[in-house]
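Each remark here refers to the structure printed beneath this line.
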Amino acid sequence: MTELINFLTISTILVGIGVYGLIVKRNAIRMIFAIEIIANAANLNLIAFSRYLGDVQGQVLTLFAIAIAAAEVAVGLAIVIIAYRLYKEIDVAEYRSLRG
Amino acid sequence: MKEGLGMVDSIFIGLSVLTIGSALFALESREIIYGAISLAISMLGIAGFFILLDSPFVAMFQIAVYVGAVAVLVIFIVMLVRTQALFSSKEDRGRQIAGLIFSILMMIGIGIVLLSSEFSKVESNPLVDKMVNKIGNEMLTYYSPAFILLALTLAGSIIGALSLARREDQNSDTDNDFAAEESLKFSNSAEGYGNSRMTEDPHVAQDDFLGQKSQKKRSFTKLGRFKIK
């Protein structure tokens with residue numbers, strides 16, 4: 001059961017869930033959740049390939065990816081806070097002045 | 001090992017159900033704070049997969065960063081913006097169905113590509129010994145420029161997040177007495193509390209935590225002056 005293909009399947013399902021969330025949800029915080037789920041699916045892929053290739057490069061890359069994802073969440077949530085302060089709303093369809 | 005369900009297999013199935021179920025619940029829960037906790041559980045499930053893939057160091061890092069830092073940050077932000085805005089679900093039906101169809105098509109497409117590839121026949125290579133030592137070596141020799149850049153990025157993002165989220169109309173605690181006196185002079189006038197958009201709906205502004213905090217601070221400075229007199 002713990003073959004490479006099983007981990008890749010789980011990762012694919014997680015990416016699908018994340019894309020669904022990004023398309024459907026209009027709540028800014030929930031969109032950040034969806035982005036996190038996609039990032040974690042990518043990390044799972046990296047670790048699975050790293051294990052089955054017998055190499056540590058994938059793990060090093062995953063460590064970097066996790067740290068960058070944490071930075072991205074911090075900035076994203078700060079942007080949500082400012083937008084909430086300006087619009088009193090975290091619905092992204094209400095952020096009209098960001099529209100081109 | 002081939003016959004029946006082994007220990008590792010049942011752990012794998014349990015982790016899959018936990019991860020995918022809580023990822024779905026994170027997006028679909030009615031209250032967003034339960035969604036945040038569910039996201040943390042999903043990240044915990046991913047860390048379990050990392051342990052199953054013989055990378056305990058990355059699993060610990062994942063738990064420390066995601067369950068320790070990101071989940072707490074998200075829950076804190078959810079509590080900061082907790083109003084009726086969180087409960088309005090204004091997503092329309094057509095969009096939901098379109099998203100569902102698109103994501104399922106995407107999953108099927110990637111799944112077909114994966115299953116028809118050679119990945120299902122990959123044999124596992126032997127485990128690397130002294131793995132953490134090797135990770136440290138790689139990180140500090142070959143990847144050292146990336147490591148330094150990562151440190152700078154983290155510092156920059158934290159400073160950026162702080163400067164984005166701070167309020168201009170509020171004195172920080174490090175301000176001197178002169179600035180506090182100045183703010184006291186203007187505290188009773190209409191300006192000095194947010195921009196005009198903040199004040200157009202005073203009811204909502206009082207409900208939210210940020211507004212309460214700034215009002216509390218102002219009353220405290222008034223009290224301080226009263227005591228000095």
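Each chain of the structure tokens is named A, B, ... in the order shown, its residues numbered from 1; ligands are numbered from 1 in display order.
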
>> Could you work out which residues of chain A fall inside 6 Å of chain B? Count only C-alpha atoms, and format the result as a PyMOL selection string.
In response: chain A and resi 1+5+16+20+23-24+52-54+71+75+78+89

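By only C-alpha atoms, and with residues fewer than 2 positions from range 33-43 of chain A along its chain excluded, the set lying at most 7 Å from it is A:Ser11, A:Leu14, A:Val15, A:Gly18, A:Gly21, A:Leu22, A:Ile29, A:Arg30, A:Met31, A:Asn45, A:Leu46, A:Ile47, A:Thr62.
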
>> Please compute the CA of Ala83 in chain A-CA of Ser38 in chain B distance, one decimal, in Å.
In response: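 Between CA of Ala83 in chain A and CA of Ser38 in chain B the gap works out to 24.5 Å.
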